[in-house]
Every structure is written in C-alpha cells, then in structure tokens.
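The structure file protein.tsv is reproduced below (TSV, C-alpha atoms (C1' of nucleotides)).
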```tsv
chain	number	residue	atom	x	y	z
B	1	MET	CA	-39.02	-33.56	68.73
B	2	VAL	CA	-39.29	-33.27	72.47
B	3	LEU	CA	-36.49	-31.66	74.33
B	4	ASP	CA	-36.27	-30.88	77.99
B	5	THR	CA	-33.69	-28.10	78.18
B	6	GLN	CA	-33.92	-28.01	81.97
B	7	GLN	CA	-32.96	-31.66	82.10
B	8	LEU	CA	-30.06	-31.21	79.66
B	9	ARG	CA	-28.65	-28.33	81.73
B	10	LYS	CA	-28.96	-30.40	84.87
B	11	GLU	CA	-27.10	-33.21	83.15
B	12	GLN	CA	-24.27	-30.84	82.20
B	13	THR	CA	-23.89	-29.72	85.79
B	14	SER	CA	-23.55	-33.28	87.01
B	15	GLN	CA	-21.19	-34.34	84.21
B	16	ALA	CA	-18.98	-31.30	84.81
B	17	SER	CA	-17.93	-32.75	88.17
B	18	LYS	CA	-16.26	-35.63	86.31
B	19	ILE	CA	-13.91	-33.36	84.40
B	20	ILE	CA	-10.27	-33.86	85.28
B	21	LEU	CA	-7.72	-31.13	84.62
B	22	GLN	CA	-4.14	-32.30	84.55
B	23	ASP	CA	-1.03	-30.67	83.19
B	24	GLU	CA	1.11	-33.80	83.03
B	25	PHE	CA	0.98	-35.25	79.59
B	26	PRO	CA	2.45	-38.40	78.03
B	27	SER	CA	4.46	-37.89	74.86
B	28	LEU	CA	2.31	-37.26	71.84
B	29	LYS	CA	2.44	-39.17	68.56
B	30	LEU	CA	-0.88	-38.12	67.06
B	31	ILE	CA	-3.11	-35.09	67.55
B	32	GLY	CA	-6.71	-34.84	66.46
B	33	GLY	CA	-9.14	-32.13	65.39
B	34	ALA	CA	-12.93	-32.29	65.56
B	35	ASP	CA	-15.63	-30.19	63.96
B	36	VAL	CA	-19.16	-30.42	62.64
B	37	GLY	CA	-20.85	-29.03	59.54
B	38	PHE	CA	-24.37	-29.30	58.20
B	39	GLU	CA	-26.10	-30.34	54.97
B	40	GLN	CA	-29.60	-29.96	53.56
B	41	GLN	CA	-30.85	-26.99	55.61
B	42	GLY	CA	-29.22	-28.40	58.71
B	43	THR	CA	-31.16	-31.65	58.70
B	44	ILE	CA	-27.98	-33.68	58.24
B	45	THR	CA	-25.03	-33.38	60.63
B	46	ARG	CA	-21.63	-33.97	59.05
B	47	ALA	CA	-19.08	-34.66	61.80
B	48	VAL	CA	-15.37	-34.78	61.05
B	49	ILE	CA	-12.40	-36.08	63.00
B	50	VAL	CA	-8.91	-35.55	61.60
B	51	VAL	CA	-5.66	-37.09	62.82
B	52	LEU	CA	-2.32	-35.35	62.30
B	53	SER	CA	1.19	-36.57	63.06
B	54	TRP	CA	3.05	-34.90	65.90
B	55	PRO	CA	5.06	-32.72	65.64
B	56	GLN	CA	5.04	-32.63	61.82
B	57	LEU	CA	1.30	-31.87	61.74
B	58	GLU	CA	0.73	-33.77	58.52
B	59	LEU	CA	-2.60	-35.44	57.77
B	60	VAL	CA	-2.61	-39.12	58.74
B	61	GLU	CA	-6.30	-39.96	58.61
B	62	TYR	CA	-9.75	-38.46	58.68
B	63	GLN	CA	-13.23	-39.85	59.06
B	64	ILE	CA	-16.62	-38.34	58.34
B	65	ALA	CA	-19.93	-39.41	59.85
B	66	ARG	CA	-23.29	-38.27	58.52
B	67	ILE	CA	-26.31	-38.60	60.79
B	68	PRO	CA	-29.71	-36.89	61.05
B	69	THR	CA	-29.49	-33.75	63.16
B	70	GLN	CA	-31.12	-34.47	66.49
B	71	LEU	CA	-31.38	-31.06	68.15
B	72	PRO	CA	-31.55	-27.40	67.13
B	73	TYR	CA	-28.75	-25.07	68.09
B	74	ILE	CA	-29.32	-23.69	71.58
B	75	PRO	CA	-26.53	-21.60	73.16
B	76	GLY	CA	-25.05	-23.60	76.03
B	77	LEU	CA	-26.46	-26.90	74.76
B	78	LEU	CA	-24.33	-27.20	71.62
B	79	SER	CA	-22.71	-30.44	72.71
B	80	PHE	CA	-25.95	-32.40	72.64
B	81	ARG	CA	-26.29	-31.39	69.00
B	82	GLU	CA	-22.72	-32.19	67.97
B	83	VAL	CA	-21.39	-35.03	70.13
B	84	PRO	CA	-23.48	-37.89	68.64
B	85	GLY	CA	-21.98	-37.24	65.19
B	86	LEU	CA	-18.50	-36.78	66.58
B	87	MET	CA	-18.72	-40.11	68.42
B	88	ALA	CA	-19.78	-41.85	65.20
B	89	ALA	CA	-16.74	-40.39	63.39
B	90	TRP	CA	-14.48	-41.19	66.34
B	91	GLU	CA	-15.43	-44.85	66.26
B	92	LYS	CA	-14.32	-45.07	62.63
B	93	ILE	CA	-10.87	-43.65	63.38
B	94	GLN	CA	-8.14	-46.29	63.02
B	95	HIS	CA	-5.27	-44.24	64.45
B	96	LYS	CA	-6.64	-42.83	67.70
B	97	PRO	CA	-4.85	-39.64	68.78
B	98	GLU	CA	-3.96	-39.00	72.44
B	99	LEU	CA	-5.28	-35.43	72.30
B	100	VAL	CA	-8.06	-33.77	70.30
B	101	LEU	CA	-8.68	-30.07	69.65
B	102	VAL	CA	-12.45	-29.59	69.51
B	103	ASP	CA	-14.16	-26.70	67.75
B	104	GLY	CA	-16.08	-24.96	70.55
B	105	GLN	CA	-15.66	-24.30	74.25
B	106	GLY	CA	-14.18	-26.56	76.89
B	107	ILE	CA	-14.83	-25.49	80.48
B	108	ALA	CA	-15.41	-21.89	79.34
B	109	HIS	CA	-19.10	-22.64	79.56
B	110	PRO	CA	-21.95	-21.49	81.86
B	111	ARG	CA	-21.94	-24.91	83.58
B	112	ARG	CA	-18.26	-25.66	82.85
B	113	PHE	CA	-19.19	-28.36	80.38
B	114	GLY	CA	-18.72	-27.30	76.78
B	115	VAL	CA	-18.58	-29.58	73.75
B	116	ALA	CA	-14.87	-30.34	74.24
B	117	CYS	CA	-15.56	-31.63	77.77
B	118	HIS	CA	-18.57	-33.63	76.64
B	119	PHE	CA	-16.73	-35.28	73.75
B	120	GLY	CA	-13.57	-35.94	75.79
B	121	LEU	CA	-15.48	-37.57	78.62
B	122	GLN	CA	-17.55	-39.72	76.28
B	123	ALA	CA	-14.63	-40.79	74.06
B	124	ASN	CA	-12.24	-40.95	77.03
B	125	VAL	CA	-9.60	-38.87	75.29
B	126	ALA	CA	-7.81	-35.68	76.34
B	127	THR	CA	-9.39	-32.62	74.71
B	128	ILE	CA	-8.98	-28.87	74.43
B	129	GLY	CA	-11.74	-26.47	73.42
B	130	VAL	CA	-10.81	-24.02	70.66
B	131	ALA	CA	-13.70	-21.62	69.98
B	132	LYS	CA	-13.84	-18.86	67.40
B	133	SER	CA	-15.99	-16.63	69.58
B	134	ARG	CA	-16.92	-16.04	73.20
B	135	LEU	CA	-19.67	-17.81	75.09
B	136	CYS	CA	-19.01	-16.55	78.60
B	137	GLY	CA	-16.28	-15.03	80.74
B	138	ASP	CA	-14.34	-11.79	80.57
B	139	ALA	CA	-10.79	-10.87	79.66
B	140	ALA	CA	-8.59	-7.79	79.48
B	141	GLU	CA	-7.98	-6.20	76.09
B	142	LEU	CA	-5.42	-7.88	73.88
B	143	ASP	CA	-2.41	-6.42	72.10
B	144	ASP	CA	-2.42	-6.21	68.32
B	145	SER	CA	0.58	-8.52	68.26
B	146	PRO	CA	0.14	-12.22	67.59
B	147	GLU	CA	0.70	-14.46	70.62
B	148	SER	CA	-0.95	-11.80	72.74
B	149	VAL	CA	-2.87	-13.68	75.41
B	150	GLN	CA	-5.06	-12.92	78.43
B	151	PRO	CA	-6.75	-15.22	80.92
B	152	LEU	CA	-10.49	-15.64	80.41
B	153	MET	CA	-12.11	-15.15	83.80
B	154	ALA	CA	-15.46	-15.73	85.49
B	155	GLY	CA	-15.05	-13.46	88.50
B	156	LYS	CA	-12.10	-14.85	90.41
B	157	ASN	CA	-11.97	-18.17	88.56
B	158	GLN	CA	-10.09	-18.82	85.36
B	159	LEU	CA	-12.03	-20.45	82.52
B	160	GLY	CA	-9.36	-20.47	79.84
B	161	TRP	CA	-7.46	-18.08	77.59
B	162	VAL	CA	-8.12	-15.48	74.94
B	163	LEU	CA	-5.37	-15.82	72.34
B	164	ARG	CA	-4.56	-13.67	69.33
B	165	SER	CA	-3.30	-16.44	67.05
B	166	LYS	CA	-2.70	-14.18	64.04
B	167	LYS	CA	-2.30	-10.47	63.28
B	168	ARG	CA	-5.49	-8.49	62.67
B	169	CYS	CA	-7.66	-11.52	63.42
B	170	LYS	CA	-10.29	-12.03	66.05
B	171	PRO	CA	-8.85	-13.98	68.97
B	172	LEU	CA	-9.40	-17.65	69.82
B	173	TYR	CA	-11.05	-18.80	73.05
B	174	VAL	CA	-9.00	-21.70	74.38
B	175	SER	CA	-10.06	-23.76	77.39
B	176	PRO	CA	-9.33	-27.18	78.91
B	177	GLY	CA	-11.73	-29.88	77.78
B	178	TYR	CA	-10.80	-33.13	79.50
B	179	LYS	CA	-7.61	-34.38	81.14
B	180	VAL	CA	-5.70	-31.21	80.18
B	181	GLY	CA	-4.85	-28.22	82.36
B	182	PHE	CA	-4.75	-24.49	81.70
B	183	SER	CA	-1.09	-24.07	80.89
B	184	SER	CA	-0.82	-27.14	78.69
B	185	SER	CA	-4.01	-26.31	76.78
B	186	LEU	CA	-2.54	-22.97	75.81
B	187	SER	CA	0.83	-24.55	75.04
B	188	TRP	CA	-0.57	-27.26	72.74
B	189	VAL	CA	-2.68	-24.80	70.80
B	190	LYS	CA	0.26	-22.44	70.30
B	191	GLN	CA	2.42	-25.30	69.06
B	192	CYS	CA	-0.25	-26.16	66.46
B	193	LEU	CA	-0.26	-22.65	64.97
B	194	LYS	CA	1.19	-22.48	61.47
B	195	GLY	CA	0.48	-18.95	60.32
B	196	TYR	CA	-3.30	-19.30	60.15
B	197	ARG	CA	-5.85	-18.13	62.65
B	198	LEU	CA	-6.86	-21.70	63.49
B	199	PRO	CA	-4.44	-24.34	64.80
B	200	GLU	CA	-3.78	-27.04	62.20
B	201	PRO	CA	-6.01	-29.83	63.60
B	202	THR	CA	-8.97	-27.45	63.89
B	203	ARG	CA	-8.24	-25.88	60.52
B	204	PHE	CA	-8.29	-29.24	58.73
B	205	ALA	CA	-11.41	-30.44	60.53
B	206	ASP	CA	-13.13	-27.10	59.90
B	207	GLY	CA	-12.19	-27.13	56.23
B	208	ILE	CA	-13.59	-30.61	55.66
B	209	ALA	CA	-16.69	-30.11	57.81
B	210	SER	CA	-17.57	-26.85	56.06
B	211	ASN	CA	-16.80	-28.20	52.58
B	212	ARG	CA	-14.24	-25.51	51.77
B	213	THR	CA	-12.93	-25.73	48.21
B	214	PHE	CA	-9.38	-26.53	49.13
B	215	PHE	CA	-10.36	-29.46	51.31
B	216	LYS	CA	-13.06	-30.62	48.92
B	217	ARG	CA	-10.38	-31.12	46.25
B	218	MET	CA	-8.19	-32.96	48.71
B	219	ASN	CA	-11.21	-35.09	49.56
B	220	GLU	CA	-11.77	-36.09	45.95
B	221	LYS	CA	-8.10	-36.90	45.44
B	222	ILE	CA	-7.89	-39.21	48.43
B	223	SER	CA	-11.20	-41.00	47.83
Z	224	DG	C1'	-36.61	-6.79	83.60
Z	225	DC	C1'	-32.67	-6.65	80.20
Z	226	DG	C1'	-28.86	-8.15	77.44
Z	227	DA	C1'	-25.99	-11.86	75.91
Z	228	DC	C1'	-25.73	-16.09	73.63
Z	229	DA	C1'	-19.94	-21.82	71.28
Z	230	DG	C1'	-22.11	-23.62	66.41
C	231	DA	C1'	-23.88	-22.69	61.46
C	232	DT	C1'	-25.04	-21.11	56.00
C	233	DC	C1'	-25.16	-18.08	51.61
C	234	DT	C1'	-22.77	-14.43	49.21
C	235	DT	C1'	-19.86	-9.63	46.12
C	236	DG	C1'	-16.71	-6.87	46.52
C	237	DT	C1'	-12.94	-4.85	48.97
C	238	DC	C1'	-8.77	-4.20	51.75
C	239	DG	C1'	-4.10	-5.23	53.23
C	240	DC	C1'	-0.10	-8.25	53.34
```

When written as structure tokens, how does the structure in this file appear?
Amino acid sequence: MVLDTQQLRKEQTSQASKIILQDEFPSLKLIGGADVGFEQQGTITRAVIVVLSWPQLELVEYQIARIPTQLPYIPGLLSFREVPGLMAAWEKIQHKPELVLVDGQGIAHPRRFGVACHFGLQANVATIGVAKSRLCGDAAELDDSPESVQPLMAGKNQLGWVLRSKKRCKPLYVSPGYKVGFSSSLSWVKQCLKGYRLPEPTRFADGIASNRTFFKRMNEKIS
DNA sequence: GCGACAG
DNA sequence: ATCTTGTCGC
C-alpha cells in the first residue's frame, strides 16, 4: 500500500481549522460510544458504535462494521486507520445519538485533529475524545482521589483534561472533538462514569470491539 | 541529534 | 492494538 504521511499530516492541519468548539448543548436523549478492534492479525478492522439512553445509560442499539484494515498504526495518524470503519458502523445506526464519546484523542493532538475530531466532522455529530493514554501535552500531577482533574496544556494553550475517573487507575485524557467545548466535554464524561475507569459509552464500545467475554455473551444473546 | 509516540 | 499467568487489593 502507498501512503504519503506528509500529505495526511497536511490534511489534518487543514481539517483542524474546521473544528468548532461550543459549550451550548441541546438536551440529550441518546449518547454514543465508538471504538475499534482488530481481527486476523490486524488485517480486519472491527468498528463498533453503541447508543445508550440518556440519562439512564442503558444500551439502546449497537452496530458493528467489519472492513479490511487500510493503514498501519502510525502515532498521530490513527484516525485515517479507524474512521473508515467507524463511518460504516455509523451509517447502520438507526437511532443516531446527538453526542458520541470516541476512544482516542480529540484536539489533544499534535495538529489538533485527533480521531474524535475526524469522526465528528465527517459524521457531523458532536464528539468528545476519551483516550486511555497520553499523546501530547503536559499536566500537573493528579491527586489519588477519584474526580481529581488537571488541565492538559500545550504551553499556554489548553488541549483538554487529565481525569482520574477511578481510584488507583491511570487517568483518562479527555478533549473536545467536534462541536463541544472544554467545560462541557469534562462534564459529559463525568456524568457517564458509573464506577468503572471508562465512561459507560466507551466501556460498552470497548468491550464489544475487543471481544471481551462479558460483551461477547451479551452479543450472542441479542443476536 | 534525541526521546516520545492515541490505538 | 493483541496474547497471556498469576497476583494484589477492594
């Protein structure tokens, strides 16, 4: 496969200027989660979108799309690997949520265009990036207590938040994706926490995408 | 030049 | 990301 990483980076820089950050938000009825897993030595991409009711956070619908993996994993270019599958799953969704939590960074990205931004812009839906580890930026040390939070900074500019979502767990890296601001992105993620490290939409999507036993059983029951 | 690097 | 045994703490 041919891939021009220079060109892809350039594309991110230009797309990043289209990102809108807004803290006003219409009332929510459905909230989504998005994640990607792999099959057969990574040759097959399995993308998952889940839809939960708000504020009950009960599973309403989920869709899985399987497509051939198009790109290898390259730090900073993750979205080009994951968005095609996510779009395929998104198109199958019957109950479209107004907001989606995406596994990975939002604007906390070298060119301010992580997978949450890329997916949100392409699907035209509000998104928040919820990453399990850091890509870029710096933050002050966190407390041990849950709900401990610090701004994630790139020099003088804020990129997002570092949030301890659960005791004795590594923190989450939360950043605006598309059509969501800093304070609301943190607020939505906190409201989706139910005693696990990951917020419910991400946890469900992650469980299905990674074929975890619990979700595999649920899968078999529903289908 | 060197280290760091979402999934 | 993926595979994988035991171990620790609630």

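Set the cut-off at 12 Å, count all atoms listed in the file, and the residues of chain C near chain B turn out to be DA231, DT232, DC233, DG239 and DC240 of chain C.
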
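Take CA of Asp206 in chain B and CA of Asp143 in chain B: the distance between them is 26.3 Å.
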
Legend entry - Interface, chain Z side, toward chain B (10 Å; all atoms listed in the file) as a ChimeraX atom specification: /Z:227-230

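Put simply, CA of Thr13 in chain B is 13.6 Å away from CA of Phe80 in chain B.
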
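CA of Leu193 in chain B to CA of Phe113 in chain B spans 25.1 Å [interatomic distance, one decimal].
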
Inset, instruction - Please return, as a PyMOL selection string, all polymer residues that have at least one atom within 9 Å of the point (-15.3, -27.0, 83.0); use all atoms listed in the file and the file's own coordinate frame. - result: chain B and resi 16-17+19-21+106-114+117+159+175-178
